[in-house]
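Working notes, structure below.
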Amino acid sequence: MAENVKLPDGADENKSHPPAEAPCSEEQAEETFQLSGIPVFEGCVLGHVRLLTEGELDIPHFTIEKTQTRAEFTRLRGAINTVIRELEELLGDADDSDNVVPAEARAFIDLHCEILKDPSLISETQDIIRDRLVNAEWALSMRLEDLHSSFEDIEDDYLAERIQDISQMVERVQRVLMGRRRPCDTVSKAMSDTAVILVSEDLSPADILTLKRRGDLSVAGLLLEYGSVNSHTSILARSLEIPMMVNVSGIRERVHEDDVIFLNASESTVLVNPSEEQMPALAGMSRTRVGNSRRLRTLRSRSCTTLDGTTVELLGNIALPEDVADVVKNRADGIGLFRSEFLFMNRPDMPGEDEQTQAYESVIRAMKGKIVTIRIMDLGGDKTPTAQALESIGESLEAAVINPSMGRRGIRFCIEHPKLFKTQMRAILRASAVGNVRILIPMLSRISEVLHVRNVMTQCRRELEAEGFRVADDIPVGGMIEVPAAVFCLEHYLKVLDFASVGTNDLMQFMIAADRLEPSVAGLCHPMHPAMLRMLAEVIGKAVKAGKDISVCGQAAADPFFAQYLVGAGLRSLSVDSVGMLAVKERLTQSRLDDNRCLARNLRRCASAGDVRRVVQKYQKDHPEFEPSRFVQSVLAEDFLGLDRLSLDPL
Ligand code: PEP
Ligand code: MG
């Protein structure tokens, strides 16, 4: 079985945990097998299993005498207060720098406290105790059942998932009532200081925080049998950068305490009990990651300049204002993509003008005069506000569409929701007064959309100035080049745009006609497809010729080898997530522009996947000093662009 297990790609994640030791002796060697799941936060990590053992609670059910109801009320209130106290302790002192709680975690724990403090939780449960003469634990279960049925008809994903938060809190109160430990306290101490991969049915955000705080455990990965990528636990894992997968079916039954696991969220796989032959490569990867992150940190203060003196601008991508801290830490040259739509998601209302202004200002101030590119909300597609939020501004969620990523998305959505768009535009303009702002239009496919944005801008500017607000004089307007229509008419678009930013994630799916979220065609969707390579070189060339700034902000720019290609093709600005920024900088500073140009020329001429592979093979042979990036590894792998499924023999 072990021979069939594919070794993972060499990931360039920068987390630092000591790798797990090799499995002990031959006779103890366990069966090697692989499981799969849905990735929440990418990355790979080798560690020992720790199981969250206490699963289902067996809730006691007994009847009480009328005279005992008061005592049950007191038990109930006492247990609820205990949990509230535990949660508040978790948040700790906001000024304690050793105890920094991420903003998302704080919000989720506040939410859980609110659930517990909701007077109806106590009063309705007390009613059940009084009317049915049952114990407090059982009354809570009955209350939860009622809530479950009232949540059943809710179609909105965000609100529907809140029943999970309520269930988690009710279960915690029941544990206190029954004198049982919290699930996170059931995790036993790690054997040594090796990394721990936590395996559980589900987890609450508070559990993650408690576990992260335990000095005797170093939680390096999370594997949940159930769970969802939209849960607060998942959002928190992403903000803490913990590799995580959900829906790993059968994991709790098939793994045991202390099993060695290689969690490869980048490839959606879990390798359990790797063989002795596999261990050195896996452990090597873990060690490389530790060394890598230390080495990369030393690059923060250096400029991104090639060996032969060409400087490339390195910008950061962010989704929420909190993300700016990492961009600042890595001393990026600015923000190339602020995906503002995340401010509008996962909430029951829409952020108002003042709230948005504050959010944009906090990012602009943190960047201290460096460029901040705020992308107009790219809502629609897979990024929709909740139905309740839309209702709050008098709009309604449109009926499900067959292919939402090609539907009323990005700027199309804004045109259809003028009130919402105007509020955002006013907020961006107000925030522009405190720094250096650019506006980026998502999903541009008609030149008239640029003119529309400029008109809305002019109208908002006039209104704001009349109201006494200050607005920056010059706010460049750029377009996302992510739809083939914009590529083919780029020279015309550039006449009305101040700058352009290429969204390779969308451009690739529309260019190759392979849905970026559809696993069955995932093998076709690769930025090193010959058509993509050629198109990107043309786009860069046209922008350079027109004298307009151009950057690439899609995920492809974060691959160090692909970054070399883009720079070789003439690009001088890249925008990437903080996690990958320093690896790109390292590679570019170790490369020569003339060499990158040669690479770009060769790749641009490729007609087939086989041609691309030959160019990459030769480059790797000529440059053994460069570790193969993920793109290089996938080009060299057999199934690059589905090659192994094609019959290429002459008929
Ligand atoms: C892109 O499409 O490459 C891009 C950066 O936008 P998003 O991934 O947010 O669609
Ligand atoms: Mg896009």
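In the structure tokens, the first chain shown is A, the next is B, and so on; residue numbers restart at 1 for each chain, and ligands run from 1 in the order shown.
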Protein and nucleic residues near ligand 1, 7 Å, only C-alpha atoms and all ligand atoms, as a PyMOL selection string: chain A and resi 339+482+502-507+553-555
Same residues, all heavy atoms, saved as a compact mmCIF listing (two decimals), in the first residue's frame:
```txt
# COMPACT_ATOMS: atom_id res chain seq x y z
N ARG A 339 -8.84 42.93 -1.05
CA ARG A 339 -10.10 42.31 -1.50
C ARG A 339 -11.23 42.80 -0.58
O ARG A 339 -11.63 42.10 0.34
CB ARG A 339 -10.00 40.79 -1.44
CG ARG A 339 -9.10 40.15 -2.49
CD ARG A 339 -9.08 38.64 -2.32
NE ARG A 339 -8.64 37.92 -3.48
CZ ARG A 339 -7.41 37.43 -3.65
NH1 ARG A 339 -6.50 37.58 -2.72
NH2 ARG A 339 -7.11 36.76 -4.75
N GLU A 482 -8.91 40.19 -15.97
CA GLU A 482 -9.19 38.81 -15.58
C GLU A 482 -10.28 38.18 -16.44
O GLU A 482 -10.73 37.08 -16.17
CB GLU A 482 -9.55 38.73 -14.09
CG GLU A 482 -10.65 39.65 -13.64
CD GLU A 482 -10.87 39.61 -12.13
OE1 GLU A 482 -10.35 38.73 -11.44
OE2 GLU A 482 -11.60 40.49 -11.63
N VAL A 502 -3.35 42.09 -13.20
CA VAL A 502 -3.84 40.85 -13.83
C VAL A 502 -4.26 39.85 -12.77
O VAL A 502 -3.48 39.49 -11.89
CB VAL A 502 -2.74 40.23 -14.73
CG1 VAL A 502 -3.32 39.04 -15.51
CG2 VAL A 502 -2.17 41.26 -15.68
N GLY A 503 -5.52 39.40 -12.89
CA GLY A 503 -6.04 38.38 -11.96
C GLY A 503 -5.93 37.02 -12.62
O GLY A 503 -6.84 36.59 -13.32
N THR A 504 -4.81 36.37 -12.40
CA THR A 504 -4.59 35.09 -13.10
C THR A 504 -5.59 34.01 -12.67
O THR A 504 -5.88 33.10 -13.44
CB THR A 504 -3.16 34.58 -12.86
OG1 THR A 504 -2.89 34.65 -11.46
CG2 THR A 504 -2.14 35.37 -13.63
N ASN A 505 -6.11 34.12 -11.44
CA ASN A 505 -7.03 33.06 -10.97
C ASN A 505 -8.26 32.99 -11.86
O ASN A 505 -8.66 31.92 -12.31
CB ASN A 505 -7.48 33.33 -9.52
CG ASN A 505 -6.33 33.57 -8.58
OD1 ASN A 505 -5.21 33.15 -8.86
ND2 ASN A 505 -6.57 34.24 -7.48
N ASP A 506 -8.87 34.14 -12.10
CA ASP A 506 -10.05 34.15 -12.96
C ASP A 506 -9.68 34.06 -14.43
O ASP A 506 -10.31 33.33 -15.19
CB ASP A 506 -10.88 35.42 -12.70
CG ASP A 506 -11.78 35.25 -11.49
OD1 ASP A 506 -12.45 34.20 -11.41
OD2 ASP A 506 -11.79 36.14 -10.62
N LEU A 507 -8.66 34.80 -14.81
CA LEU A 507 -8.29 34.81 -16.22
C LEU A 507 -8.05 33.38 -16.72
O LEU A 507 -8.47 32.99 -17.81
CB LEU A 507 -7.03 35.67 -16.41
CG LEU A 507 -6.61 35.94 -17.85
CD1 LEU A 507 -7.77 36.45 -18.69
CD2 LEU A 507 -5.46 36.94 -17.90
N CYS A 553 -1.69 40.15 -9.67
CA CYS A 553 -2.07 39.93 -8.28
C CYS A 553 -2.71 38.56 -8.05
O CYS A 553 -3.12 38.24 -6.95
CB CYS A 553 -2.99 41.03 -7.77
SG CYS A 553 -4.56 41.08 -8.65
N GLY A 554 -2.81 37.75 -9.10
CA GLY A 554 -3.36 36.39 -8.93
C GLY A 554 -2.36 35.51 -8.20
O GLY A 554 -1.17 35.85 -8.07
N GLN A 555 -2.85 34.36 -7.75
CA GLN A 555 -2.05 33.44 -6.95
C GLN A 555 -0.75 33.01 -7.66
O GLN A 555 0.27 32.76 -7.02
CB GLN A 555 -2.92 32.22 -6.65
CG GLN A 555 -2.40 31.26 -5.62
CD GLN A 555 -2.12 31.94 -4.29
OE1 GLN A 555 -2.85 32.85 -3.90
NE2 GLN A 555 -1.07 31.53 -3.62
```
Polymer residues at most 9 Å from Ala79 in chain A, only C-alpha atoms, same-chain spacing of 5 or more positions, as a list in words: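 In the requested format, the answer is Thr74, Ile84, Arg172, Val173, Gln174, Arg175, Val176 and Leu177 of chain A.
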Using only C-alpha atoms and all ligand atoms, what table do you get, as a Markdown table, when you list each residue of chain A with an atom no more than 12 Å from ligand 2, its nearest pair of atoms, and their distance in Å rounded to one decimal, rows by chain then rising number?
```
| residue | atom | partner | partner_atom_place_in_ligand_line | distance |
| --- | --- | --- | --- | --- |
| A:Leu337 | CA | ligand 2 | 1 (Mg) | 10.5 |
| A:Phe338 | CA | ligand 2 | 1 (Mg) | 11.9 |
| A:Arg339 | CA | ligand 2 | 1 (Mg) | 9.5 |
| A:Glu341 | CA | ligand 2 | 1 (Mg) | 11.5 |
| A:Arg375 | CA | ligand 2 | 1 (Mg) | 10.3 |
| A:Ile376 | CA | ligand 2 | 1 (Mg) | 11.5 |
| A:Met377 | CA | ligand 2 | 1 (Mg) | 10.9 |
| A:Asp378 | CA | ligand 2 | 1 (Mg) | 7.7 |
| A:Leu379 | CA | ligand 2 | 1 (Mg) | 10.4 |
| A:Gly380 | CA | ligand 2 | 1 (Mg) | 11.1 |
| A:Gly381 | CA | ligand 2 | 1 (Mg) | 9.9 |
| A:Asp382 | CA | ligand 2 | 1 (Mg) | 10.8 |
| A:Lys383 | CA | ligand 2 | 1 (Mg) | 10.9 |
| A:Ser405 | CA | ligand 2 | 1 (Mg) | 9.1 |
| A:Met406 | CA | ligand 2 | 1 (Mg) | 10.8 |
| A:Arg409 | CA | ligand 2 | 1 (Mg) | 9.9 |
| A:Gly410 | CA | ligand 2 | 1 (Mg) | 8.6 |
| A:Ile411 | CA | ligand 2 | 1 (Mg) | 11.3 |
| A:Leu440 | CA | ligand 2 | 1 (Mg) | 11.4 |
| A:Ile441 | CA | ligand 2 | 1 (Mg) | 10.2 |
| A:Pro442 | CA | ligand 2 | 1 (Mg) | 6.7 |
| A:Met443 | CA | ligand 2 | 1 (Mg) | 6.7 |
| A:Leu444 | CA | ligand 2 | 1 (Mg) | 9.9 |
| A:Gly479 | CA | ligand 2 | 1 (Mg) | 11.0 |
| A:Met480 | CA | ligand 2 | 1 (Mg) | 7.5 |
| A:Ile481 | CA | ligand 2 | 1 (Mg) | 8.6 |
| A:Glu482 | CA | ligand 2 | 1 (Mg) | 6.2 |
| A:Val483 | CA | ligand 2 | 1 (Mg) | 8.8 |
| A:Ser501 | CA | ligand 2 | 1 (Mg) | 10.2 |
| A:Val502 | CA | ligand 2 | 1 (Mg) | 8.6 |
| A:Gly503 | CA | ligand 2 | 1 (Mg) | 5.2 |
| A:Thr504 | CA | ligand 2 | 1 (Mg) | 7.3 |
| A:Asn505 | CA | ligand 2 | 1 (Mg) | 5.9 |
| A:Asp506 | CA | ligand 2 | 1 (Mg) | 4.7 |
| A:Leu507 | CA | ligand 2 | 1 (Mg) | 7.4 |
| A:Met508 | CA | ligand 2 | 1 (Mg) | 9.7 |
| A:Gln509 | CA | ligand 2 | 1 (Mg) | 9.8 |
| A:Phe510 | CA | ligand 2 | 1 (Mg) | 10.4 |
| A:Arg516 | CA | ligand 2 | 1 (Mg) | 10.5 |
| A:Val552 | CA | ligand 2 | 1 (Mg) | 11.1 |
| A:Cys553 | CA | ligand 2 | 1 (Mg) | 9.0 |
| A:Gly554 | CA | ligand 2 | 1 (Mg) | 7.4 |
| A:Gln555 | CA | ligand 2 | 1 (Mg) | 9.9 |
```
Between CA of Leu641 in chain A and CA of Ile512 in chain A, distance in Å (one decimal):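 These atoms are spaced 11.0 Å apart.
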Distance in Å - CA of His526 in chain A versus CA of Ile38 in chain A: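 One can read the CA of His526 in chain A to CA of Ile38 in chain A distance as 19.9 Å.
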Coordinates-based distance that separates CA of Asp354 in chain A from CA of Arg162 in chain A (Å, one decimal): 26.6 Å
DSSP strand (DSSP E or B) residues within range 297-509 of chain A, listed as a PyMOL selection string: chain A and resi 305+311+313-318+334-339+371-375+380+383+436-441+477-481+499-502
